[in-house]
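Report on the following structure.
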Amino acid sequence: VTKTITNKLNMIGLLLSCTLTVASPLMVEDIAEYVQCRKDQRMIENVLEWLPLIDKYFDLESQKDETRVQALKVIYCESSGYPNAVGINKDGTKDIGLWQFNDNTWAWLTPKLNIQKERTDPETATAVAAWLIKHDGWHHWNSSKHCWGG
């Protein structure tokens, strides 16, 4: 007997579908994949309000849904979606904003990109994150990869 359990989340054109097929024998990998998908859904639901900014600033020509999902997961893992979030590091530097830009990274990028606003401005932070990811990849958020990396 095969039973399919499907949970779909349609998020303004972003569809994340979690399907678990229950059969004999049930595979551990199938359960782990389903659990991760449901975890991803919960993270995304909590930060969905930032999707319009991601759509505005990220290059979504290729891998559109994957990029959107990853960006939302990074926001969730870094700041839980709070633009005024502040993290204090062991070296005394602070990580601030939606994307948790570090003092040193922000100081490096401010003159380079002629940034006029604070890290707490969600639009500015998302524009900067999109630029940084396009030119240097996702590794700037590796400290939270255990959360968003799957």
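We name chains A, B, ... following the order of the structure tokens; residues begin at 1 in each chain, and ligands are numbered from 1 as shown.
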
Could you give me, as JSON lines, a per-residue list for segment 92-124 of chain A showing, wherever an atom lies at most 10 Å from an atom of segment 61-77 of chain A, the closest pair of atoms and their distance in Å to one decimal, using only C-alpha atoms and sorting by chain then residue number from low to high?
{"residue": "A:Gly97", "atom": "CA", "partner": "A:Ile75", "partner_atom": "CA", "distance": 9.4}
{"residue": "A:Leu98", "atom": "CA", "partner": "A:Ile75", "partner_atom": "CA", "distance": 5.9}
{"residue": "A:Trp99", "atom": "CA", "partner": "A:Ile75", "partner_atom": "CA", "distance": 5.6}
{"residue": "A:Gln100", "atom": "CA", "partner": "A:Ile75", "partner_atom": "CA", "distance": 8.4}

For those residues, write all heavy atoms to a file as a PDB file, in the first residue's frame.
ATOM      1  N   GLY A  97      21.442  43.794  11.153  1.00  0.00           N
ATOM      2  CA  GLY A  97      20.444  43.853  10.099  1.00  0.00           C
ATOM      3  C   GLY A  97      19.913  42.508   9.661  1.00  0.00           C
ATOM      4  O   GLY A  97      20.235  41.464  10.217  1.00  0.00           O
ATOM      5  N   LEU A  98      19.068  42.572   8.653  1.00  0.00           N
ATOM      6  CA  LEU A  98      18.400  41.416   8.081  1.00  0.00           C
ATOM      7  C   LEU A  98      19.398  40.339   7.660  1.00  0.00           C
ATOM      8  O   LEU A  98      19.189  39.154   7.890  1.00  0.00           O
ATOM      9  CB  LEU A  98      17.614  41.893   6.850  1.00  0.00           C
ATOM     10  CG  LEU A  98      16.368  41.182   6.418  1.00  0.00           C
ATOM     11  CD1 LEU A  98      15.364  41.058   7.552  1.00  0.00           C
ATOM     12  CD2 LEU A  98      15.738  41.920   5.249  1.00  0.00           C
ATOM     13  N   TRP A  99      20.482  40.765   7.035  1.00  0.00           N
ATOM     14  CA  TRP A  99      21.502  39.858   6.518  1.00  0.00           C
ATOM     15  C   TRP A  99      22.691  39.736   7.462  1.00  0.00           C
ATOM     16  O   TRP A  99      23.664  39.049   7.157  1.00  0.00           O
ATOM     17  CB  TRP A  99      21.978  40.335   5.148  1.00  0.00           C
ATOM     18  CG  TRP A  99      20.915  40.226   4.105  1.00  0.00           C
ATOM     19  CD1 TRP A  99      19.941  41.151   3.806  1.00  0.00           C
ATOM     20  CD2 TRP A  99      20.689  39.128   3.232  1.00  0.00           C
ATOM     21  NE1 TRP A  99      19.144  40.690   2.800  1.00  0.00           N
ATOM     22  CE2 TRP A  99      19.583  39.448   2.422  1.00  0.00           C
ATOM     23  CE3 TRP A  99      21.333  37.906   3.045  1.00  0.00           C
ATOM     24  CZ2 TRP A  99      19.100  38.584   1.445  1.00  0.00           C
ATOM     25  CZ3 TRP A  99      20.845  37.053   2.067  1.00  0.00           C
ATOM     26  CH2 TRP A  99      19.744  37.396   1.280  1.00  0.00           C
ATOM     27  N   GLN A 100      22.643  40.432   8.609  1.00  0.00           N
ATOM     28  CA  GLN A 100      23.697  40.378   9.619  1.00  0.00           C
ATOM     29  C   GLN A 100      25.075  40.704   9.052  1.00  0.00           C
ATOM     30  O   GLN A 100      26.056  39.952   9.222  1.00  0.00           O
ATOM     31  CB  GLN A 100      23.708  39.016  10.316  1.00  0.00           C
ATOM     32  CG  GLN A 100      22.520  38.799  11.235  1.00  0.00           C
ATOM     33  CD  GLN A 100      22.541  39.713  12.452  1.00  0.00           C
ATOM     34  OE1 GLN A 100      23.249  39.442  13.414  1.00  0.00           O
ATOM     35  NE2 GLN A 100      21.775  40.796  12.431  1.00  0.00           N
TER      36      GLN A 100
END

Item to complete: Mind listing the helix (DSSP H, G or I) residues of chain A, per DSSP on the backbone, as a PyMOL selection string?
Response: chain A and resi 28-57+64-79+103-113+122-136+138-148

Determine, counting only C-alpha atoms, which protein, DNA and RNA residues have an atom within 12 Å of an atom of Ile133 of chain A; residues of the same chain fewer than 4 positions away are not included. Present the result as a PDB file with C-alpha atoms, in the first residue's frame.
ATOM      1  CA  ILE A  54      14.770  39.472  -3.171  1.00  0.00           C
ATOM      2  CA  TYR A  57      17.617  42.860  -6.288  1.00  0.00           C
ATOM      3  CA  PHE A  58      18.682  39.294  -6.988  1.00  0.00           C
ATOM      4  CA  ASP A  59      19.601  38.016 -10.433  1.00  0.00           C
ATOM      5  CA  THR A  67      17.925  31.368  -5.265  1.00  0.00           C
ATOM      6  CA  GLN A  70      18.146  30.126  -0.287  1.00  0.00           C
ATOM      7  CA  ALA A  71      17.979  33.906   0.200  1.00  0.00           C
ATOM      8  CA  VAL A  74      19.668  32.914   4.948  1.00  0.00           C
ATOM      9  CA  TRP A  99      21.502  39.858   6.518  1.00  0.00           C
ATOM     10  CA  THR A 126      19.215  43.213   0.454  1.00  0.00           C
ATOM     11  CA  ALA A 127      20.688  45.181  -2.444  1.00  0.00           C
ATOM     12  CA  VAL A 128      24.157  44.839  -0.901  1.00  0.00           C
ATOM     13  CA  ALA A 129      23.627  41.122  -0.188  1.00  0.00           C
ATOM     14  CA  GLY A 137      29.093  33.879  -3.588  1.00  0.00           C
ATOM     15  CA  TRP A 138      27.184  32.765  -0.509  1.00  0.00           C
ATOM     16  CA  HIS A 139      30.268  32.016   1.623  1.00  0.00           C
ATOM     17  CA  HIS A 140      29.900  35.253   3.610  1.00  0.00           C
ATOM     18  CA  TRP A 141      27.052  33.518   5.443  1.00  0.00           C
TER      19      TRP A 141
END

Worksheet entry | Polymer residues at most 10 Å from segment 78-88 of chain A, only C-alpha atoms, same-chain spacing of 2 or more positions, as number ranges by chain | A: 43-44, 46-50, 72-76, 90-102, 119-123, 125, 141, 143-145, 147-148

Writing out the chosen residues with N, CA, C and O atoms as a short mmCIF file (atom, residue, chain, number, x, y, z; two decimals), in the first residue's frame:
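So again-v9.cif came out as:
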data_model
loop_
_atom_site.label_atom_id
_atom_site.label_comp_id
_atom_site.auth_asym_id
_atom_site.auth_seq_id
_atom_site.Cartn_x
_atom_site.Cartn_y
_atom_site.Cartn_z
N MET A 43 10.70 28.02 7.90
CA MET A 43 11.62 29.16 7.87
C MET A 43 11.11 30.21 6.88
O MET A 43 11.03 31.40 7.20
N ILE A 44 10.77 29.76 5.69
CA ILE A 44 10.34 30.67 4.63
C ILE A 44 9.06 31.40 5.01
O ILE A 44 8.93 32.60 4.76
N ASN A 46 8.17 32.39 7.81
CA ASN A 46 8.48 33.43 8.79
C ASN A 46 9.12 34.68 8.20
O ASN A 46 9.14 35.73 8.84
N VAL A 47 9.68 34.58 6.99
CA VAL A 47 10.37 35.73 6.39
C VAL A 47 9.85 36.07 5.00
O VAL A 47 10.47 36.81 4.25
N LEU A 48 8.69 35.56 4.68
CA LEU A 48 8.11 35.73 3.36
C LEU A 48 7.93 37.20 2.97
O LEU A 48 7.97 37.54 1.79
N GLU A 49 7.77 38.07 3.95
CA GLU A 49 7.58 39.49 3.66
C GLU A 49 8.75 40.10 2.89
O GLU A 49 8.60 41.14 2.25
N TRP A 50 9.93 39.45 2.93
CA TRP A 50 11.11 39.99 2.27
C TRP A 50 11.27 39.49 0.84
O TRP A 50 12.19 39.91 0.13
N LEU A 72 15.84 33.54 1.28
CA LEU A 72 14.89 33.61 2.41
C LEU A 72 15.39 32.81 3.60
O LEU A 72 15.26 33.24 4.75
N LYS A 73 15.98 31.64 3.33
CA LYS A 73 16.51 30.83 4.43
C LYS A 73 17.68 31.52 5.12
O LYS A 73 17.79 31.48 6.35
N VAL A 74 18.55 32.19 4.34
CA VAL A 74 19.67 32.91 4.95
C VAL A 74 19.13 34.03 5.84
O VAL A 74 19.60 34.22 6.97
N ILE A 75 18.16 34.78 5.36
CA ILE A 75 17.56 35.84 6.18
C ILE A 75 17.01 35.27 7.47
O ILE A 75 17.24 35.81 8.56
N TYR A 76 16.29 34.16 7.37
CA TYR A 76 15.72 33.55 8.57
C TYR A 76 16.83 33.12 9.54
O TYR A 76 16.77 33.40 10.74
N LYS A 90 32.71 37.51 19.37
CA LYS A 90 33.76 37.39 20.39
C LYS A 90 34.83 38.46 20.25
O LYS A 90 35.42 38.87 21.24
N ASP A 91 35.07 38.91 19.02
CA ASP A 91 36.10 39.94 18.80
C ASP A 91 35.57 41.36 19.00
O ASP A 91 36.28 42.33 18.79
N GLY A 92 34.31 41.48 19.43
CA GLY A 92 33.72 42.79 19.70
C GLY A 92 33.00 43.42 18.52
O GLY A 92 32.31 44.41 18.68
N THR A 93 33.16 42.85 17.32
CA THR A 93 32.44 43.39 16.17
C THR A 93 30.97 43.00 16.26
O THR A 93 30.61 42.07 16.98
N LYS A 94 30.16 43.73 15.52
CA LYS A 94 28.72 43.45 15.51
C LYS A 94 28.28 43.01 14.12
O LYS A 94 28.81 43.48 13.11
N ASP A 95 27.30 42.13 14.11
CA ASP A 95 26.60 41.75 12.89
C ASP A 95 25.22 42.38 13.00
O ASP A 95 24.52 42.16 14.00
N ILE A 96 24.83 43.17 11.99
CA ILE A 96 23.63 43.98 12.12
C ILE A 96 22.73 43.81 10.89
O ILE A 96 23.21 43.73 9.77
N GLY A 97 21.44 43.79 11.15
CA GLY A 97 20.44 43.85 10.10
C GLY A 97 19.91 42.51 9.66
O GLY A 97 20.24 41.46 10.22
N LEU A 98 19.07 42.57 8.65
CA LEU A 98 18.40 41.42 8.08
C LEU A 98 19.40 40.34 7.66
O LEU A 98 19.19 39.15 7.89
N TRP A 99 20.48 40.76 7.03
CA TRP A 99 21.50 39.86 6.52
C TRP A 99 22.69 39.74 7.46
O TRP A 99 23.66 39.05 7.16
N GLN A 100 22.64 40.43 8.61
CA GLN A 100 23.70 40.38 9.62
C GLN A 100 25.08 40.70 9.05
O GLN A 100 26.06 39.95 9.22
N PHE A 101 25.17 41.86 8.40
CA PHE A 101 26.46 42.31 7.90
C PHE A 101 27.37 42.68 9.06
O PHE A 101 27.00 43.44 9.93
N ASN A 102 28.57 42.15 9.03
CA ASN A 102 29.58 42.42 10.05
C ASN A 102 30.13 43.84 9.87
O ASN A 102 30.18 44.36 8.75
N ARG A 119 22.76 49.47 7.77
CA ARG A 119 22.53 48.04 7.58
C ARG A 119 21.14 47.62 8.02
O ARG A 119 20.64 46.58 7.61
N THR A 120 20.50 48.43 8.85
CA THR A 120 19.16 48.11 9.33
C THR A 120 18.08 48.42 8.30
O THR A 120 16.93 48.04 8.50
N ASP A 121 18.44 49.09 7.21
CA ASP A 121 17.48 49.35 6.14
C ASP A 121 17.37 48.08 5.29
O ASP A 121 18.35 47.71 4.62
N PRO A 122 16.22 47.41 5.31
CA PRO A 122 16.10 46.13 4.60
C PRO A 122 16.40 46.21 3.11
O PRO A 122 17.02 45.31 2.55
N GLU A 123 15.98 47.29 2.47
CA GLU A 123 16.22 47.40 1.03
C GLU A 123 17.70 47.57 0.73
O GLU A 123 18.24 46.91 -0.16
N ALA A 125 20.24 46.66 2.68
CA ALA A 125 20.92 45.42 3.05
C ALA A 125 20.71 44.33 2.00
O ALA A 125 21.64 43.59 1.66
N TRP A 141 28.03 33.97 4.45
CA TRP A 141 27.05 33.52 5.44
C TRP A 141 27.32 32.08 5.88
O TRP A 141 26.45 31.41 6.41
N SER A 143 28.83 30.98 8.42
CA SER A 143 28.68 30.72 9.86
C SER A 143 27.28 30.23 10.21
O SER A 143 27.08 29.59 11.25
N SER A 144 26.30 30.49 9.34
CA SER A 144 24.95 29.99 9.59
C SER A 144 24.54 28.91 8.59
O SER A 144 23.38 28.52 8.53
N LYS A 145 25.50 28.41 7.84
CA LYS A 145 25.19 27.41 6.80
C LYS A 145 24.58 26.15 7.39
O LYS A 145 23.78 25.48 6.73
N CYS A 147 22.31 26.02 9.31
CA CYS A 147 20.87 26.30 9.37
C CYS A 147 20.26 26.35 7.96
O CYS A 147 19.24 25.73 7.71
N TRP A 148 20.84 27.10 7.04
CA TRP A 148 20.23 27.29 5.72
C TRP A 148 20.73 26.34 4.65
O TRP A 148 20.11 26.20 3.61
#
